[in-house]
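A.B. asks: Input entry.cif, format and content: mmCIF, C-alpha atoms.
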data_protein
loop_
_atom_site.label_atom_id
_atom_site.label_comp_id
_atom_site.auth_asym_id
_atom_site.auth_seq_id
_atom_site.Cartn_x
_atom_site.Cartn_y
_atom_site.Cartn_z
CA MET A 3 53.13 -6.42 12.80
CA ILE A 4 54.84 -8.61 10.19
CA ARG A 5 52.86 -11.61 11.43
CA ALA A 6 49.60 -9.69 11.09
CA ARG A 7 50.54 -8.85 7.50
CA ILE A 8 51.42 -12.47 6.72
CA GLY A 9 48.13 -13.57 8.29
CA GLN A 10 46.22 -11.02 6.24
CA ALA A 11 47.97 -12.26 3.09
CA ALA A 12 46.98 -15.85 3.97
CA LEU A 13 43.40 -14.68 4.50
CA ARG A 14 43.31 -13.54 0.86
CA ALA A 15 42.78 -17.21 -0.03
CA TYR A 16 39.22 -16.85 1.31
CA PRO A 17 36.42 -15.37 -0.80
CA PRO A 18 35.82 -11.66 -0.01
CA ALA A 19 32.45 -12.33 1.68
CA VAL A 20 34.00 -14.72 4.23
CA ARG A 21 36.96 -12.39 4.75
CA GLN A 22 34.57 -9.59 5.57
CA THR A 23 32.49 -11.51 8.12
CA ARG A 24 35.05 -13.81 9.76
CA GLY A 25 38.42 -12.44 8.64
CA PRO A 26 39.38 -10.37 11.71
CA GLU A 27 38.57 -13.16 14.21
CA MET A 28 40.34 -15.77 12.08
CA LEU A 29 43.38 -13.53 11.96
CA GLY A 30 43.13 -13.10 15.75
CA MET A 31 43.11 -16.87 16.20
CA VAL A 32 46.16 -17.32 13.95
CA LEU A 33 48.05 -14.68 15.95
CA ASP A 34 46.93 -16.23 19.26
CA ALA A 35 47.93 -19.74 18.21
CA GLY A 36 51.31 -18.64 16.87
CA GLU A 37 52.15 -16.25 19.71
CA HIS A 38 54.80 -18.45 21.31
CA SER A 39 56.02 -20.47 18.36
CA ASN A 40 57.03 -19.65 14.80
CA ARG A 41 56.23 -23.18 13.79
CA ALA A 42 52.67 -22.93 15.08
CA PHE A 43 52.26 -19.58 13.30
CA VAL A 44 53.43 -21.08 9.98
CA ARG A 45 51.13 -24.10 10.48
CA GLU A 46 48.13 -21.89 11.27
CA SER A 47 48.81 -19.57 8.31
CA GLY A 48 49.06 -22.62 6.05
CA SER A 49 45.77 -23.93 7.39
CA LEU A 50 44.21 -20.56 6.60
CA VAL A 51 45.35 -20.80 2.95
CA LEU A 52 44.07 -24.38 2.65
CA GLY A 53 40.81 -23.46 4.37
CA GLY A 54 40.33 -20.56 1.96
CA LEU A 55 40.96 -22.73 -1.08
CA ARG A 56 38.52 -25.35 0.26
CA GLU A 57 35.91 -22.63 0.78
CA ARG A 58 36.39 -21.40 -2.78
CA ARG A 59 36.16 -24.97 -4.07
CA ALA A 60 32.87 -25.47 -2.21
CA ILE A 61 31.44 -22.27 -3.70
CA THR A 62 32.56 -23.32 -7.20
CA ALA A 63 31.10 -26.81 -6.79
CA ARG A 64 27.74 -25.43 -5.64
CA ALA A 65 27.39 -23.56 -8.96
CA GLY A 66 26.41 -26.75 -10.83
CA THR A 67 27.96 -28.52 -13.80
CA ARG A 68 26.07 -26.60 -16.51
CA ARG A 69 26.95 -23.23 -15.01
CA LEU A 70 30.61 -24.21 -14.65
CA LEU A 71 30.79 -25.43 -18.26
CA ALA A 72 29.07 -22.26 -19.47
CA ASP A 73 31.53 -20.16 -17.44
CA SER A 74 34.41 -22.11 -19.02
CA CYS A 75 33.08 -21.32 -22.50
CA CYS A 76 32.68 -17.62 -21.57
CA GLN A 77 36.25 -17.52 -20.26
CA ALA A 78 37.44 -19.29 -23.43
CA ALA A 79 35.69 -16.59 -25.50
CA LEU A 80 37.40 -13.89 -23.41
CA ILE A 81 40.83 -15.50 -23.85
CA GLY A 82 40.15 -15.97 -27.56
CA LEU A 83 39.24 -12.29 -27.92
CA MET A 84 42.37 -11.32 -26.00
CA LEU A 85 44.59 -13.45 -28.27
CA TRP A 86 42.83 -12.14 -31.38
CA LEU A 87 43.49 -8.58 -30.24
CA LEU A 88 47.14 -9.47 -29.61
CA ARG A 89 47.44 -10.96 -33.09
CA ALA A 90 45.86 -7.87 -34.63
CA LEU A 91 48.24 -5.65 -32.66
CA SER A 92 51.29 -7.65 -33.76
CA ALA A 93 50.07 -7.64 -37.39
CA GLU A 94 49.80 -3.88 -37.11
CA ALA A 95 53.32 -3.67 -35.69
CA ILE A 96 54.68 -5.77 -38.56
CA ALA A 97 52.70 -4.32 -41.46
CA GLY A 98 52.50 -0.76 -40.17
CA PRO A 99 49.29 1.01 -39.19
CA GLY A 100 46.79 0.43 -41.98
CA GLN A 101 43.31 1.92 -41.63
CA GLN A 102 41.54 -1.45 -41.67
CA LEU A 103 43.86 -2.91 -39.02
CA VAL A 104 43.47 0.13 -36.77
CA VAL A 105 39.67 -0.19 -37.00
CA GLN A 106 39.92 -3.92 -36.27
CA VAL A 107 42.14 -3.30 -33.22
CA LEU A 108 39.79 -0.63 -31.89
CA VAL A 109 36.72 -2.84 -32.41
CA LEU A 110 38.37 -5.83 -30.71
CA ALA A 111 39.61 -3.68 -27.82
CA ALA A 112 36.09 -2.27 -27.32
CA ILE A 113 34.55 -5.77 -27.39
CA LEU A 114 37.13 -7.10 -24.94
CA ALA A 115 36.64 -4.12 -22.62
CA ALA A 116 32.86 -4.63 -22.63
CA ALA A 117 33.28 -8.33 -21.86
CA LEU A 118 35.76 -7.63 -19.05
CA ILE A 119 33.50 -5.07 -17.37
CA GLY A 120 30.61 -7.54 -17.44
CA TYR A 121 28.57 -6.62 -20.55
CA GLU A 122 29.13 -10.12 -21.85
CA ARG A 123 25.98 -10.44 -24.00
CA ILE A 124 26.76 -7.24 -25.90
CA ALA A 125 30.41 -8.30 -26.23
CA ALA A 126 29.46 -11.76 -27.50
CA ILE A 127 27.04 -10.43 -30.13
CA SER A 128 29.66 -7.90 -31.24
CA GLY A 129 32.26 -10.71 -31.23
CA LEU A 130 30.11 -12.80 -33.57
CA ALA A 131 29.69 -9.76 -35.85
CA ALA A 132 33.47 -9.18 -35.77
CA LEU A 133 34.03 -12.83 -36.60
CA ALA A 134 31.76 -12.45 -39.62
CA ALA A 135 33.51 -9.23 -40.68
CA TYR A 136 37.16 -10.10 -40.06
CA GLY A 137 37.17 -13.88 -39.66
CA PRO A 138 37.21 -16.59 -42.30
CA LEU A 139 33.42 -16.50 -42.60
CA GLY A 140 31.86 -15.22 -45.81
CA PRO A 141 29.50 -16.19 -48.62
CA HIS A 142 32.12 -18.54 -50.13
CA THR A 143 33.31 -20.08 -46.88
CA GLN A 144 34.39 -23.67 -47.28
CA LEU A 145 33.28 -26.34 -44.85
CA VAL A 146 36.86 -26.81 -43.57
CA SER A 147 37.13 -23.11 -42.68
CA LEU A 148 33.74 -23.24 -41.00
CA ALA A 149 34.85 -26.16 -38.82
CA LYS A 150 37.80 -24.08 -37.60
CA VAL A 151 35.54 -21.36 -36.24
CA LEU A 152 33.07 -23.72 -34.59
CA VAL A 153 34.80 -23.46 -31.19
CA PRO A 154 34.81 -19.62 -31.05
CA ILE A 155 31.28 -19.44 -32.44
CA GLY A 156 30.13 -22.02 -29.87
CA CYS A 157 31.82 -20.17 -27.01
CA LEU A 158 30.40 -16.80 -28.11
CA LEU A 159 26.91 -18.31 -28.45
CA VAL A 160 27.18 -19.71 -24.90
CA MET A 161 28.25 -16.22 -23.82
CA VAL A 162 25.09 -14.79 -25.42
CA CYS A 163 22.78 -17.38 -23.87
CA ALA A 164 24.43 -17.85 -20.45
CA PRO A 165 26.86 -15.06 -19.60
CA GLN A 166 28.88 -15.37 -16.39
CA ARG A 167 27.00 -14.28 -13.26
CA ARG A 168 29.26 -11.60 -11.89
CA PRO A 169 28.75 -7.98 -10.92
CA ARG A 170 29.76 -5.32 -13.43
CA ASP A 171 33.11 -4.00 -12.35
CA ALA A 172 35.20 -1.45 -14.25
CA ARG A 173 38.30 -2.57 -12.31
CA GLN A 174 38.34 -5.69 -14.49
CA LEU A 175 39.65 -3.42 -17.25
CA LEU A 176 43.03 -3.81 -15.53
CA TRP A 177 43.25 -7.13 -17.40
CA LEU A 178 43.86 -5.03 -20.52
CA LEU A 179 47.17 -4.07 -18.94
CA PRO A 180 48.89 -7.43 -19.61
CA VAL A 181 47.56 -7.28 -23.19
CA CYS A 182 49.18 -3.86 -23.64
CA VAL A 183 52.43 -5.11 -22.06
CA LEU A 184 52.46 -8.18 -24.31
CA ALA A 185 51.68 -6.04 -27.35
CA ALA A 186 54.58 -3.72 -26.43
CA LEU A 187 56.84 -6.73 -25.92
CA ASN A 188 55.70 -8.15 -29.23
CA ALA A 189 56.84 -5.02 -31.02
CA HIS A 190 60.42 -5.68 -29.87
CA ALA A 191 60.63 -9.43 -29.34
CA ASP A 192 58.61 -12.24 -30.85
CA VAL A 193 56.03 -13.31 -28.29
CA SER A 194 53.88 -15.94 -29.96
CA LEU A 195 50.24 -16.61 -29.07
CA PRO A 196 50.92 -20.22 -27.97
CA GLU A 197 53.47 -18.88 -25.46
CA VAL A 198 50.90 -16.47 -24.02
CA LEU A 199 48.33 -19.26 -23.88
CA ALA A 200 50.86 -21.58 -22.25
CA VAL A 201 51.34 -19.04 -19.43
CA MET A 202 47.55 -18.79 -19.00
CA SER A 203 47.31 -22.58 -18.97
CA VAL A 204 49.84 -22.74 -16.14
CA GLY A 205 47.60 -20.29 -14.26
CA GLY A 206 44.61 -22.51 -15.00
CA LEU A 207 46.44 -25.60 -13.73
CA LEU A 208 47.43 -23.76 -10.53
CA ARG A 209 43.76 -22.97 -9.91
CA LEU A 210 42.68 -26.52 -10.69
CA PHE A 211 42.34 -27.47 -6.99
CA HIS A 212 39.49 -25.04 -6.35
CA ASP A 213 38.35 -23.95 -9.81
CA PRO A 214 38.80 -25.95 -13.06
CA ARG A 215 37.05 -23.36 -15.26
CA LEU A 216 40.18 -21.53 -16.46
CA ALA A 217 41.92 -24.82 -17.31
CA ILE A 218 38.90 -25.95 -19.38
CA ALA A 219 38.77 -22.53 -21.07
CA CYS A 220 42.49 -22.71 -21.94
CA SER A 221 42.02 -26.22 -23.33
CA LEU A 222 39.21 -24.98 -25.59
CA VAL A 223 41.41 -22.14 -26.85
CA TRP A 224 44.24 -24.64 -27.46
CA ILE A 225 41.83 -26.67 -29.62
CA LEU A 226 40.94 -23.50 -31.50
CA LEU A 227 44.59 -22.53 -31.91
CA LEU A 228 45.77 -25.97 -32.95
CA SER A 229 42.95 -26.28 -35.50
CA THR A 230 44.59 -23.56 -37.60
CA ASP A 231 47.70 -24.18 -39.66
CA ALA A 232 49.38 -21.00 -38.40
CA GLY A 233 48.58 -21.96 -34.81
CA ARG A 234 50.01 -25.46 -35.25
CA THR A 235 53.20 -24.06 -36.75
CA ALA A 236 53.56 -21.52 -33.93
CA ALA A 237 52.78 -24.12 -31.27
CA ALA A 238 55.42 -26.44 -32.70
CA GLY A 239 57.97 -24.03 -31.20
CA LEU A 240 56.85 -25.13 -27.74
CA GLY A 241 57.60 -28.76 -28.50
CA SER A 242 55.89 -31.79 -29.95
CA LEU A 243 54.00 -32.49 -26.75
CA VAL A 244 51.71 -29.46 -27.06
CA ILE A 245 48.79 -31.33 -28.62
CA PRO A 246 48.74 -34.25 -26.13
CA ALA A 247 49.35 -31.76 -23.28
CA ALA A 248 46.32 -29.70 -24.32
CA GLY A 249 44.21 -32.88 -24.52
CA LEU A 250 45.49 -34.04 -21.15
CA MET A 251 44.71 -30.67 -19.58
CA LEU A 252 41.12 -30.81 -20.86
CA THR A 253 40.71 -34.35 -19.52
CA VAL A 254 42.21 -33.52 -16.12
CA ALA A 255 40.17 -30.31 -15.78
CA ALA A 256 36.95 -32.09 -16.77
CA GLY A 257 37.76 -34.88 -14.29
CA ARG A 258 38.37 -32.32 -11.56
CA LEU A 259 35.03 -30.65 -12.31
CA TRP A 260 33.28 -34.02 -12.13
CA SER A 261 34.94 -34.95 -8.82
CA MET A 262 34.08 -31.55 -7.30
CA ARG A 263 30.45 -31.90 -8.29
CA HIS A 264 30.43 -35.51 -7.07
CA ASN A 265 31.78 -34.46 -3.65
CA ALA A 266 29.31 -31.58 -3.45
CA THR A 267 26.31 -33.81 -4.09
CA ALA A 268 27.54 -36.85 -2.10
CA MET B 17 9.30 -48.02 16.19
CA ARG B 18 11.20 -44.77 16.40
CA SER B 19 9.49 -41.71 17.84
CA SER B 20 8.59 -39.02 15.32
CA SER B 21 10.97 -36.46 16.89
CA SER B 22 13.82 -38.93 16.70
CA ARG B 23 12.93 -39.70 13.09
CA ASN B 24 12.84 -36.00 12.25
CA ARG B 25 16.22 -35.50 13.87
CA ARG B 26 17.65 -38.41 11.98
CA SER B 27 16.25 -37.32 8.65
CA ALA B 28 17.61 -33.81 9.03
CA GLY B 29 20.74 -33.65 6.88
CA LEU B 30 23.78 -32.46 8.79
CA THR B 31 26.91 -31.25 7.11
CA ILE B 32 29.74 -30.96 9.54
CA GLY B 33 33.31 -32.11 9.54
CA ARG B 34 35.85 -31.91 6.76
CA LEU B 35 34.15 -32.15 3.36
CA SER B 36 31.75 -34.86 4.44
CA THR B 37 28.04 -35.07 4.86
CA TYR B 38 26.81 -36.67 8.04
CA ARG B 39 23.39 -37.69 9.20
CA VAL B 40 22.35 -37.17 12.78
CA GLY B 41 23.04 -40.31 14.77
CA VAL B 42 25.56 -41.71 12.29
CA GLU B 43 28.93 -40.17 13.01
CA LEU B 44 30.84 -36.99 13.64
CA ARG B 45 34.51 -36.71 12.85
CA PRO B 46 36.77 -36.14 15.86
CA PRO B 47 37.46 -32.41 15.11
CA SER B 48 33.73 -31.66 14.85
CA TYR B 49 32.92 -33.77 17.89
CA PHE B 50 35.52 -32.17 20.14
CA ALA B 51 34.88 -28.63 18.81
CA LEU B 52 31.19 -28.96 19.69
CA ALA B 53 32.05 -30.67 22.98
CA ALA B 54 34.28 -27.70 23.84
CA LEU B 55 31.15 -25.55 23.96
CA ILE B 56 29.26 -27.70 26.48
CA ASP B 57 30.42 -25.62 29.45
CA GLY B 58 29.57 -22.29 27.86
CA PRO B 59 30.33 -19.89 25.02
CA LEU B 60 33.92 -19.70 23.79
CA HIS B 61 35.77 -17.84 21.04
CA GLY B 62 37.66 -19.58 18.21
CA TYR B 63 41.08 -19.97 19.82
CA ALA B 64 39.54 -21.03 23.15
CA ILE B 65 37.49 -23.70 21.31
CA ALA B 66 40.67 -25.11 19.71
CA ARG B 67 42.49 -25.16 23.09
CA ARG B 68 39.55 -26.77 24.91
CA ALA B 69 39.17 -29.38 22.15
CA LEU B 70 42.86 -30.25 22.48
CA GLU B 71 42.43 -30.56 26.24
CA LEU B 72 39.25 -32.69 26.01
CA SER B 73 40.82 -35.06 23.50
CA GLY B 74 43.89 -35.56 25.67
CA GLY B 75 46.11 -33.76 23.16
CA ARG B 76 45.05 -35.96 20.23
CA VAL B 77 42.87 -33.53 18.27
CA ARG B 78 44.55 -30.28 17.26
CA ILE B 79 42.11 -28.13 15.29
CA SER B 80 43.71 -25.56 13.00
CA THR B 81 42.14 -22.18 12.23
CA GLY B 82 41.05 -23.14 8.70
CA THR B 83 39.43 -26.37 9.85
CA LEU B 84 37.75 -24.80 12.89
CA TYR B 85 36.10 -21.99 10.95
CA ALA B 86 34.96 -24.36 8.19
CA LEU B 87 33.22 -26.59 10.71
CA LEU B 88 31.87 -23.63 12.69
CA GLU B 89 30.39 -22.25 9.47
CA ARG B 90 28.62 -25.55 8.82
CA ALA B 91 27.50 -25.88 12.42
CA LEU B 92 26.06 -22.34 12.18
CA SER B 93 24.18 -23.19 9.00
CA GLU B 94 22.74 -26.28 10.73
CA SER B 95 21.86 -24.22 13.83
CA LEU B 96 24.03 -26.38 16.06
CA VAL B 97 25.80 -23.28 17.36
CA ILE B 98 25.00 -19.59 17.38
CA ALA B 99 27.52 -16.79 17.00
CA GLY B 100 27.59 -13.82 19.33
CA GLU B 101 28.49 -10.24 18.51
CA PRO B 102 32.14 -9.53 17.75
CA TYR B 103 34.19 -7.81 20.46
CA VAL B 104 37.81 -6.79 20.92
CA GLU B 105 39.97 -8.39 23.60
CA GLY B 106 43.69 -7.79 23.92
CA GLY B 107 43.67 -5.91 20.61
CA ARG B 108 42.18 -8.90 18.76
CA GLN B 109 38.70 -9.27 17.41
CA ARG B 110 36.81 -12.23 18.84
CA ARG B 111 33.33 -13.70 18.69
CA ASP B 112 31.85 -16.21 21.10
CA TYR B 113 30.02 -19.31 19.90
CA THR B 114 27.28 -21.00 21.93
CA LEU B 115 26.00 -24.56 21.62
CA THR B 116 22.27 -24.72 20.80
CA PRO B 117 19.84 -27.37 22.15
CA ALA B 118 20.03 -29.08 18.72
CA GLY B 119 23.81 -29.18 19.07
CA ARG B 120 23.49 -30.72 22.56
CA VAL B 121 21.13 -33.40 21.23
CA LEU B 122 23.54 -34.22 18.44
CA LEU B 123 26.47 -34.44 20.86
CA ALA B 124 24.48 -36.65 23.22
CA ASP B 125 23.57 -38.96 20.30
CA GLU B 126 27.19 -39.16 19.20
CA ALA B 127 28.50 -39.73 22.73
CA ALA B 128 25.96 -42.56 23.20
CA ARG B 129 26.97 -44.11 19.88
CA LEU B 130 30.66 -43.97 20.76
CA GLU B 131 29.97 -45.34 24.24
CA HIS B 132 27.94 -48.22 22.81
CA ALA B 133 30.65 -49.00 20.26
CA ALA B 134 33.37 -48.90 22.93
CA ARG B 135 31.32 -51.08 25.31
CA ALA B 136 30.62 -53.66 22.61
CA VAL B 137 34.27 -54.00 21.69
CA SER B 138 35.53 -53.94 25.28
CA GLY B 139 32.99 -56.61 26.22
CA ARG B 140 34.12 -58.89 23.42
CA LEU B 141 37.80 -58.26 24.20
CA SER B 142 37.42 -59.15 27.88
CA ALA B 143 35.25 -62.18 27.04
CA THR B 144 37.88 -63.59 24.71
CA SER B 145 41.01 -62.51 26.61
CA LYS B 146 41.19 -65.83 28.51
CA LEU B 147 40.86 -67.80 25.27
CA VAL B 148 43.73 -65.86 23.69
CA LEU B 149 45.95 -66.26 26.79
CA THR B 150 45.37 -70.00 26.96
#
For this file, produce the structure as structure tokens.

C.D. replies:
Amino acid sequence: MIRARIGQAALRAYPPAVRQTRGPEMLGMVLDAGEHSNRAFVRESGSLVLGGLRERRAITARAGTRRLLADSCCQAALIGLMLWLLRALSAEAIAGPGQQLVVQVLVLAAILAAALIGYERIAAISGLAALAAYGPLGPHTQLVSLAKVLVPIGCLLVMVCAPQRRPRDARQLLWLLPVCVLAALNAHADVSLPEVLAVMSVGGLLRLFHDPRLAIACSLVWILLLSTDAGRTAAAGLGSLVIPAAGLMLTVAAGRLWSMRHNATA
Amino acid sequence: MRSSSSRNRRSAGLTIGRLSTYRVGVELRPPSYFALAALIDGPLHGYAIARRALELSGGRVRISTGTLYALLERALSESLVIAGEPYVEGGRQRRDYTLTPAGRVLLADEAARLEHAARAVSGRLSATSKLVLT
């Protein structure tokens, strides 16, 4: 019974479609092979995890370079929105609930929710409008300020033109849960945005073997964050290696994407 | 000049084996070769394929679950094998896989290639063995 559960957990490495069609027989084979030996069972379970990751990598690679880059930009826009909402929530916690901040928080939460469910075009257009309303853009915007918002504007424009191809799913709203937890934590302890992004970047690096999109997205958000004075100051708390680390992550993730595409077309 | 059927077979892209693309008549990796060879005598389910492949290779090729299903998936997409309906045996779900005529042709090609390669090397080794000994 425990072995079946471990096998099922290892099967989670496979995409849902494969799990549905071949999962039960794969699990049967793992249990058969490991019936008389714990070592064989561990080896077979490990092979299941590796096989699943390879399958996911093949699916990702088949998507094509443009699609993967567009997905990275969309994910960067999502992360950016999430961090913006967190910053607005922490500003509200510090300054007290002002009417403008409450409206801003509600607008950002609605945009993020729409993007998470899958209404990315609507979310991106609303995001651009929010950027114009609450961001540094305005009739007297200086060129330096404009340069700082180029990354988010670029990512949101990609989201408008080429949103991620995924089914609309309300369960994705569960991603708002960590935002709420972080916001609650922020009210009591100082959780800075670079720290949150650093955790996401670790997640992106862990997925690098089969999917470099999150790592590229995190790198883009790092560029956005480090292009602001406040972001640089906050990131300095993580150490002086943040800037080269962000650059290195972008290079490694882009290299991984290239090698995956190269293997897929070889 | 090659016959047109042979040319067609050779030009048909075949993706089988771990993360590599093969062309018919070029090469199959040992796991793919022995997994397909395991099906020569008749349909088998996943675990039976792995056991038979181990037996056929003299214990040298151990195919794990992840590897076997990846290569079965590719063989299915290339119509080298066909999958039967799932059934339950001993409380475990199984599905039998059958080698198709295209799979047999590919195996025959590969076996001939390996045989030719082995013969060429053995011939040269025996021809030069006296020279080396003296």

A.B. asks: Kindly provide, as a PyMOL selection string, the residues of chain A having any atom no farther than 10 Å from an atom of chain B, counting all atoms listed in the file.

C.D. replies: chain A and resi 13+16+20+23-35+42+45-57+60+265-268

A.B. asks: Could you dump the residues just selected with C-alpha atoms as a PDB file, in the frame of the given file?

C.D. replies:
ATOM      1  CA  LEU A  13      43.400 -14.680   4.500  1.00  0.00           C
ATOM      2  CA  TYR A  16      39.220 -16.850   1.310  1.00  0.00           C
ATOM      3  CA  VAL A  20      34.000 -14.720   4.230  1.00  0.00           C
ATOM      4  CA  THR A  23      32.490 -11.510   8.120  1.00  0.00           C
ATOM      5  CA  ARG A  24      35.050 -13.810   9.760  1.00  0.00           C
ATOM      6  CA  GLY A  25      38.420 -12.440   8.640  1.00  0.00           C
ATOM      7  CA  PRO A  26      39.380 -10.370  11.710  1.00  0.00           C
ATOM      8  CA  GLU A  27      38.570 -13.160  14.210  1.00  0.00           C
ATOM      9  CA  MET A  28      40.340 -15.770  12.080  1.00  0.00           C
ATOM     10  CA  LEU A  29      43.380 -13.530  11.960  1.00  0.00           C
ATOM     11  CA  GLY A  30      43.130 -13.100  15.750  1.00  0.00           C
ATOM     12  CA  MET A  31      43.110 -16.870  16.200  1.00  0.00           C
ATOM     13  CA  VAL A  32      46.160 -17.320  13.950  1.00  0.00           C
ATOM     14  CA  LEU A  33      48.050 -14.680  15.950  1.00  0.00           C
ATOM     15  CA  ASP A  34      46.930 -16.230  19.260  1.00  0.00           C
ATOM     16  CA  ALA A  35      47.930 -19.740  18.210  1.00  0.00           C
ATOM     17  CA  ALA A  42      52.670 -22.930  15.080  1.00  0.00           C
ATOM     18  CA  ARG A  45      51.130 -24.100  10.480  1.00  0.00           C
ATOM     19  CA  GLU A  46      48.130 -21.890  11.270  1.00  0.00           C
ATOM     20  CA  SER A  47      48.810 -19.570   8.310  1.00  0.00           C
ATOM     21  CA  GLY A  48      49.060 -22.620   6.050  1.00  0.00           C
ATOM     22  CA  SER A  49      45.770 -23.930   7.390  1.00  0.00           C
ATOM     23  CA  LEU A  50      44.210 -20.560   6.600  1.00  0.00           C
ATOM     24  CA  VAL A  51      45.350 -20.800   2.950  1.00  0.00           C
ATOM     25  CA  LEU A  52      44.070 -24.380   2.650  1.00  0.00           C
ATOM     26  CA  GLY A  53      40.810 -23.460   4.370  1.00  0.00           C
ATOM     27  CA  GLY A  54      40.330 -20.560   1.960  1.00  0.00           C
ATOM     28  CA  LEU A  55      40.960 -22.730  -1.080  1.00  0.00           C
ATOM     29  CA  ARG A  56      38.520 -25.350   0.260  1.00  0.00           C
ATOM     30  CA  GLU A  57      35.910 -22.630   0.780  1.00  0.00           C
ATOM     31  CA  ALA A  60      32.870 -25.470  -2.210  1.00  0.00           C
ATOM     32  CA  ASN A 265      31.780 -34.460  -3.650  1.00  0.00           C
ATOM     33  CA  ALA A 266      29.310 -31.580  -3.450  1.00  0.00           C
ATOM     34  CA  THR A 267      26.310 -33.810  -4.090  1.00  0.00           C
ATOM     35  CA  ALA A 268      27.540 -36.850  -2.100  1.00  0.00           C
TER      36      ALA A 268
END

A.B. asks: When the PyMOL selection byres ((chain A and resi 160) around 9) is applied to the structure above, which residues does it catch, written out as a PyMOL selection string?

C.D. replies: chain A and resi 72-73+75-76+126+155-159+161-165

A.B. asks: Pick out the closest residue to A:Ala115 from this set: A:Trp177, A:Trp86, A:Leu70, A:Thr62. Count only C-alpha atoms.

C.D. replies: A:Trp177

A.B. asks: In Å, with one decimal, what is the gap from atom CA of A:Ala11 to atom CA of B:Ala99?

C.D. replies: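 These two atoms are separated by 25.1 Å.
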
A.B. asks: What's the separation between atom CA of A:Leu175 and atom CA of A:Ile8, in Å to one decimal place?

C.D. replies: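 That distance, rounded to one decimal, is 28.2 Å.
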
A.B. asks: On this structure, the PyMOL selection byres ((chain A and resi 222) around 10) would catch which residues? List them as a PyMOL selection string, sorted by chain and number.

C.D. replies: chain A and resi 74-75+77-79+81-82+153-154+157+216-221+223-228+248-249+251-252

A.B. asks: Atom CA of B:Ser138 to atom CA of B:Tyr49: how many Å, to one decimal?

C.D. replies: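 Calculated distance between atom CA of B:Ser138 and atom CA of B:Tyr49 is 21.6 Å.
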
A.B. asks: Could you tell me which of A:Ala19, A:Ile245, A:Val204, A:Val198 comes closest to A:Leu88 if we count all atoms listed in the file?

C.D. replies: A:Val198

A.B. asks: In the coordinates of the file, take the point (34.0, -9.1, -39.5) and a cut-off of 12 Å; then, counting all atoms listed in the file, name each qualifying protein, DNA or RNA residue as a PyMOL selection string.

C.D. replies: chain A and resi 102-103+105-107+109-110+127-140

A.B. asks: Given the file shown, enumerate the residues that the PyMOL selection byres ((chain B and resi 116-129) around 8) captures and present them as a PyMOL selection string.

C.D. replies: chain B and resi 40-44+49+52-53+56+95-98+114-115+130-133

A.B. asks: Using only C-alpha atoms, can you list as a list in words the residues within 10 Å of (40.7, -36.1, 19.1)?

C.D. replies: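 Final list of nearby residues, as requested, is Arg45, Pro46, Pro47, Ser48, Tyr49, Phe50, Ala51, Ala69, Leu70, Glu71, Leu72, Ser73, Gly74, Gly75, Arg76, Val77, Arg78 and Ile79 of chain B.
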